[in-house]
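input-v2.pdb follows; it contains PDB, C-alpha atoms.
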```pdb
ATOM      1  CA  MET Z   1     -25.283 -58.651  47.909
ATOM      2  CA  ILE Z   2     -25.158 -54.961  48.842
ATOM      3  CA  ALA Z   3     -26.958 -53.564  51.884
ATOM      4  CA  ILE Z   4     -27.784 -49.884  52.330
ATOM      5  CA  ASP Z   5     -27.167 -47.913  55.515
ATOM      6  CA  THR Z   6     -29.473 -45.218  56.868
ATOM      7  CA  ASN Z   7     -27.373 -42.242  55.799
ATOM      8  CA  LEU Z   8     -27.626 -43.160  52.117
ATOM      9  CA  LEU Z   9     -31.390 -43.622  52.439
ATOM     10  CA  VAL Z  10     -31.652 -40.163  54.003
ATOM     11  CA  TYR Z  11     -29.439 -38.535  51.364
ATOM     12  CA  ALA Z  12     -31.385 -40.229  48.549
ATOM     13  CA  HIS Z  13     -34.645 -38.905  49.978
ATOM     14  CA  ARG Z  14     -33.789 -35.380  51.092
ATOM     15  CA  GLU Z  15     -33.396 -33.174  48.026
ATOM     16  CA  ASP Z  16     -31.701 -30.560  50.228
ATOM     17  CA  SER Z  17     -28.834 -32.964  50.931
ATOM     18  CA  LEU Z  18     -25.447 -32.167  49.371
ATOM     19  CA  TRP Z  19     -25.268 -35.822  48.322
ATOM     20  CA  TYR Z  20     -28.841 -36.170  47.082
ATOM     21  CA  GLU Z  21     -28.104 -36.734  43.387
ATOM     22  CA  ALA Z  22     -25.356 -39.319  43.918
ATOM     23  CA  ALA Z  23     -27.267 -41.170  46.643
ATOM     24  CA  TYR Z  24     -30.524 -41.110  44.677
ATOM     25  CA  ALA Z  25     -28.792 -42.471  41.559
ATOM     26  CA  SER Z  26     -27.055 -45.208  43.566
ATOM     27  CA  ILE Z  27     -30.211 -46.470  45.218
ATOM     28  CA  LYS Z  28     -32.299 -46.070  42.067
ATOM     29  CA  GLY Z  29     -29.775 -48.255  40.222
ATOM     30  CA  LEU Z  30     -30.150 -50.982  42.837
ATOM     31  CA  ALA Z  31     -33.934 -50.692  43.081
ATOM     32  CA  GLU Z  32     -34.433 -50.895  39.326
ATOM     33  CA  GLY Z  33     -31.851 -53.624  38.805
ATOM     34  CA  ARG Z  34     -32.233 -57.370  38.900
ATOM     35  CA  THR Z  35     -29.448 -58.058  41.380
ATOM     36  CA  PRO Z  36     -30.669 -58.586  44.949
ATOM     37  CA  TRP Z  37     -29.923 -55.737  47.359
ATOM     38  CA  ALA Z  38     -30.857 -55.270  50.996
ATOM     39  CA  ILE Z  39     -31.975 -52.819  53.618
ATOM     40  CA  PRO Z  40     -31.684 -53.802  57.289
ATOM     41  CA  TRP Z  41     -34.983 -53.125  59.103
ATOM     42  CA  PRO Z  42     -33.267 -50.926  61.730
ATOM     43  CA  CYS Z  43     -32.109 -48.631  58.911
ATOM     44  CA  LEU Z  44     -35.695 -48.096  57.768
ATOM     45  CA  TYR Z  45     -36.748 -47.192  61.327
ATOM     46  CA  GLU Z  46     -33.828 -44.828  61.683
ATOM     47  CA  PHE Z  47     -34.484 -43.281  58.256
ATOM     48  CA  PHE Z  48     -38.052 -42.477  59.267
ATOM     49  CA  SER Z  49     -37.049 -41.003  62.621
ATOM     50  CA  ILE Z  50     -34.345 -38.797  61.071
ATOM     51  CA  VAL Z  51     -36.212 -37.347  58.100
ATOM     52  CA  THR Z  52     -39.337 -36.545  60.149
ATOM     53  CA  HIS Z  53     -37.430 -35.015  63.083
ATOM     54  CA  PRO Z  54     -37.988 -31.231  63.337
ATOM     55  CA  ARG Z  55     -34.676 -30.668  65.140
ATOM     56  CA  ILE Z  56     -32.742 -32.331  62.335
ATOM     57  CA  TYR Z  57     -34.548 -30.913  59.313
ATOM     58  CA  ASN Z  58     -36.384 -27.625  58.961
ATOM     59  CA  PRO Z  59     -38.813 -28.389  57.572
ATOM     60  CA  PRO Z  60     -38.885 -32.110  58.347
ATOM     61  CA  THR Z  61     -40.264 -34.533  55.805
ATOM     62  CA  PRO Z  62     -44.028 -34.872  56.324
ATOM     63  CA  MET Z  63     -44.949 -38.262  57.753
ATOM     64  CA  GLU Z  64     -46.979 -39.230  54.679
ATOM     65  CA  LYS Z  65     -44.079 -38.452  52.333
ATOM     66  CA  ALA Z  66     -41.660 -40.495  54.484
ATOM     67  CA  ILE Z  67     -44.110 -43.412  54.454
ATOM     68  CA  ASP Z  68     -44.446 -43.115  50.670
ATOM     69  CA  GLN Z  69     -40.657 -43.215  50.341
ATOM     70  CA  VAL Z  70     -40.334 -46.387  52.400
ATOM     71  CA  GLU Z  71     -43.137 -48.007  50.427
ATOM     72  CA  ALA Z  72     -41.459 -47.049  47.139
ATOM     73  CA  TRP Z  73     -38.282 -48.855  48.219
ATOM     74  CA  LEU Z  74     -40.316 -51.849  49.367
ATOM     75  CA  GLU Z  75     -41.825 -52.122  45.878
ATOM     76  CA  SER Z  76     -38.437 -53.013  44.397
ATOM     77  CA  PRO Z  77     -38.723 -56.680  43.403
ATOM     78  CA  SER Z  78     -35.021 -57.226  44.044
ATOM     79  CA  LEU Z  79     -35.066 -55.821  47.622
ATOM     80  CA  ILE Z  80     -34.474 -58.120  50.572
ATOM     81  CA  LEU Z  81     -35.244 -56.848  54.071
ATOM     82  CA  LEU Z  82     -32.790 -58.005  56.714
ATOM     83  CA  SER Z  83     -34.371 -58.982  60.023
ATOM     84  CA  GLU Z  84     -33.487 -60.833  63.183
ATOM     85  CA  SER Z  85     -34.026 -64.538  63.716
ATOM     86  CA  THR Z  86     -33.499 -66.803  66.708
ATOM     87  CA  GLU Z  87     -29.799 -67.222  65.818
ATOM     88  CA  TYR Z  88     -29.209 -63.481  65.453
ATOM     89  CA  TRP Z  89     -28.113 -62.823  69.042
ATOM     90  CA  THR Z  90     -24.937 -64.880  68.608
ATOM     91  CA  VAL Z  91     -23.871 -62.792  65.605
ATOM     92  CA  LEU Z  92     -24.791 -59.515  67.343
ATOM     93  CA  ARG Z  93     -22.895 -60.515  70.489
ATOM     94  CA  ASP Z  94     -19.849 -61.265  68.337
ATOM     95  CA  SER Z  95     -20.138 -57.883  66.575
ATOM     96  CA  ILE Z  96     -20.403 -56.050  69.902
ATOM     97  CA  LEU Z  97     -17.401 -57.849  71.351
ATOM     98  CA  THR Z  98     -15.106 -57.716  68.313
ATOM     99  CA  GLY Z  99     -16.074 -54.123  67.530
ATOM    100  CA  LYS Z 100     -15.701 -53.156  71.212
ATOM    101  CA  VAL Z 101     -18.874 -51.092  71.065
ATOM    102  CA  SER Z 102     -21.301 -49.695  73.591
ATOM    103  CA  GLY Z 103     -23.845 -46.905  73.716
ATOM    104  CA  PRO Z 104     -24.970 -45.464  70.378
ATOM    105  CA  LEU Z 105     -22.536 -47.643  68.404
ATOM    106  CA  VAL Z 106     -24.672 -50.665  69.293
ATOM    107  CA  HIS Z 107     -26.995 -49.562  66.456
ATOM    108  CA  ASP Z 108     -24.104 -49.945  64.002
ATOM    109  CA  ALA Z 109     -23.288 -53.335  65.512
ATOM    110  CA  ARG Z 110     -26.929 -54.352  64.920
ATOM    111  CA  VAL Z 111     -26.719 -53.372  61.257
ATOM    112  CA  ALA Z 112     -23.367 -55.095  60.793
ATOM    113  CA  ALA Z 113     -24.644 -58.240  62.518
ATOM    114  CA  LEU Z 114     -27.786 -58.321  60.353
ATOM    115  CA  CYS Z 115     -25.611 -58.081  57.259
ATOM    116  CA  ARG Z 116     -23.309 -60.882  58.420
ATOM    117  CA  HIS Z 117     -26.258 -62.994  59.575
ATOM    118  CA  HIS Z 118     -27.774 -62.825  56.079
ATOM    119  CA  GLY Z 119     -24.512 -63.318  54.192
ATOM    120  CA  VAL Z 120     -24.248 -59.696  53.031
ATOM    121  CA  ARG Z 121     -20.596 -58.851  52.445
ATOM    122  CA  THR Z 122     -20.859 -55.190  51.345
ATOM    123  CA  LEU Z 123     -22.553 -52.290  53.097
ATOM    124  CA  TRP Z 124     -22.912 -48.966  51.318
ATOM    125  CA  SER Z 125     -22.497 -46.264  53.932
ATOM    126  CA  ALA Z 126     -20.898 -42.882  54.517
ATOM    127  CA  ASP Z 127     -20.283 -43.911  58.144
ATOM    128  CA  ARG Z 128     -16.694 -44.924  58.899
ATOM    129  CA  ASP Z 129     -17.664 -46.599  62.181
ATOM    130  CA  PHE Z 130     -18.577 -49.775  60.310
ATOM    131  CA  SER Z 131     -14.895 -50.439  59.598
ATOM    132  CA  ARG Z 132     -14.617 -51.826  63.131
ATOM    133  CA  PHE Z 133     -16.690 -54.889  62.192
ATOM    134  CA  PRO Z 134     -14.736 -57.681  60.468
ATOM    135  CA  GLY Z 135     -16.349 -59.617  57.655
ATOM    136  CA  LEU Z 136     -18.110 -56.568  56.236
ATOM    137  CA  THR Z 137     -16.720 -54.415  53.432
ATOM    138  CA  VAL Z 138     -17.911 -50.831  53.696
ATOM    139  CA  ARG Z 139     -18.066 -48.757  50.525
ATOM    140  CA  ASN Z 140     -19.155 -45.151  50.156
ATOM    141  CA  PRO Z 141     -20.727 -44.853  46.673
ATOM    142  CA  LEU Z 142     -20.816 -41.056  47.059
ATOM    143  CA  VAL Z 143     -17.050 -40.702  46.633
ATOM    144  CA  GLY Z 144     -14.904 -41.758  43.686
TER     145      GLY Z 144
END
```

Please rewrite the model in this file as structure tokens.
Amino acid sequence: MIAIDTNLLVYAHREDSLWYEAAYASIKGLAEGRTPWAIPWPCLYEFFSIVTHPRIYNPPTPMEKAIDQVEAWLESPSLILLSESTEYWTVLRDSILTGKVSGPLVHDARVAALCRHHGVRTLWSADRDFSRFPGLTVRNPLVG
């Protein structure tokens, strides 16, 4: 199964992104396909906070449009949302320790741990920081 990181969600949503077309096509292919794909819940929160932030985008995405975007992804019948369970802490602790992360990189450790916890082996991301987490293959679908 493939999971999607925040940056690809942002690029697929923001038409002013240099990577909009490639990211949009990548996610559309997953959303309209029959093969299960995943979004970690923290990536949806982060997506919303980034696209609606006036210091990041001028103009930011209006709240209603960001909500509509999230709901459009949630309508995909093949989407699986990755969330924490009672056993999640053990996997997150392992990701933090093996990745030697602290501070803002803990968010990436959370995403990596959610993927591992749910058996996701591939994360589509343009973020190279995920390479520090073993057991997760990171692929950037925006480059050849």

Exercise for the section: Tell me which protein, DNA and RNA residues are within 12 Å of range 21-32 of chain Z, counting all atoms listed in the file, leaving out same-chain ones fewer than 3 positions away, and put them as a ChimeraX atom specification. Expected result: /Z:1-18,35-39,69,72-80,124-126,139-144

Select from range 57-144 of chain Z every residue with an atom at most 9 Å from any atom of range 42-50 of chain Z, then for each give the shortest pair of atoms and their distance in Å to one decimal, using all atoms listed in the file, rows by chain and rising number, as a Markdown table.
```
| residue | atom | partner | partner_atom | distance |
| --- | --- | --- | --- | --- |
| Z:Tyr57 | CA | Z:Ile50 | CA | 8.1 |
| Z:Pro60 | CA | Z:Ile50 | CA | 8.5 |
| Z:Thr61 | CA | Z:Phe48 | CA | 8.9 |
| Z:Met63 | CA | Z:Phe48 | CA | 8.2 |
| Z:Ala66 | CA | Z:Phe48 | CA | 6.3 |
| Z:Ile67 | CA | Z:Phe48 | CA | 7.8 |
| Z:Val70 | CA | Z:Leu44 | CA | 7.3 |
| Z:Leu82 | CA | Z:Pro42 | CA | 8.7 |
| Z:Ser83 | CA | Z:Pro42 | CA | 8.3 |
| Z:His107 | CA | Z:Pro42 | CA | 8.0 |
| Z:Arg110 | CA | Z:Pro42 | CA | 7.9 |
| Z:Val111 | CA | Z:Pro42 | CA | 7.0 |
```

Problem - Nearest-residue call for Leu123 in chain Z, choices Z:Val101, Z:Leu81, Z:Ile56, Z:Leu136, using all atoms listed in the file - result: Z:Leu136

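Between CA of Arg128 in chain Z and CA of Thr52 in chain Z the separation is 24.2 Å.
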
Practice task
May I have the residues within 10 Å of Asp129 in chain Z as JSON, numbers by chain, using only C-alpha atoms and disregarding those fewer than 5 positions away in the same chain?
Solution key: {"Z": [99, 105, 108, 109, 138]}

Problem - Resolved residues for the PyMOL selection byres ((chain Z and resi 113) around 8) as a PyMOL selection string - result: chain Z and resi 88+91-92+95+109-112+114-117

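Straight-line separation from CA of Thr90 in chain Z to CA of Gly119 in chain Z: 14.5 Å.
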
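Taking CA of Ser131 in chain Z and CA of Ile96 in chain Z as the two end points, the separation is 13.0 Å.
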
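Considering the residues Z:Thr137, Z:Glu84, Z:Arg132, Z:Pro59 and counting only C-alpha atoms, Val120 in chain Z has its shortest atom-to-atom contact with Z:Thr137.
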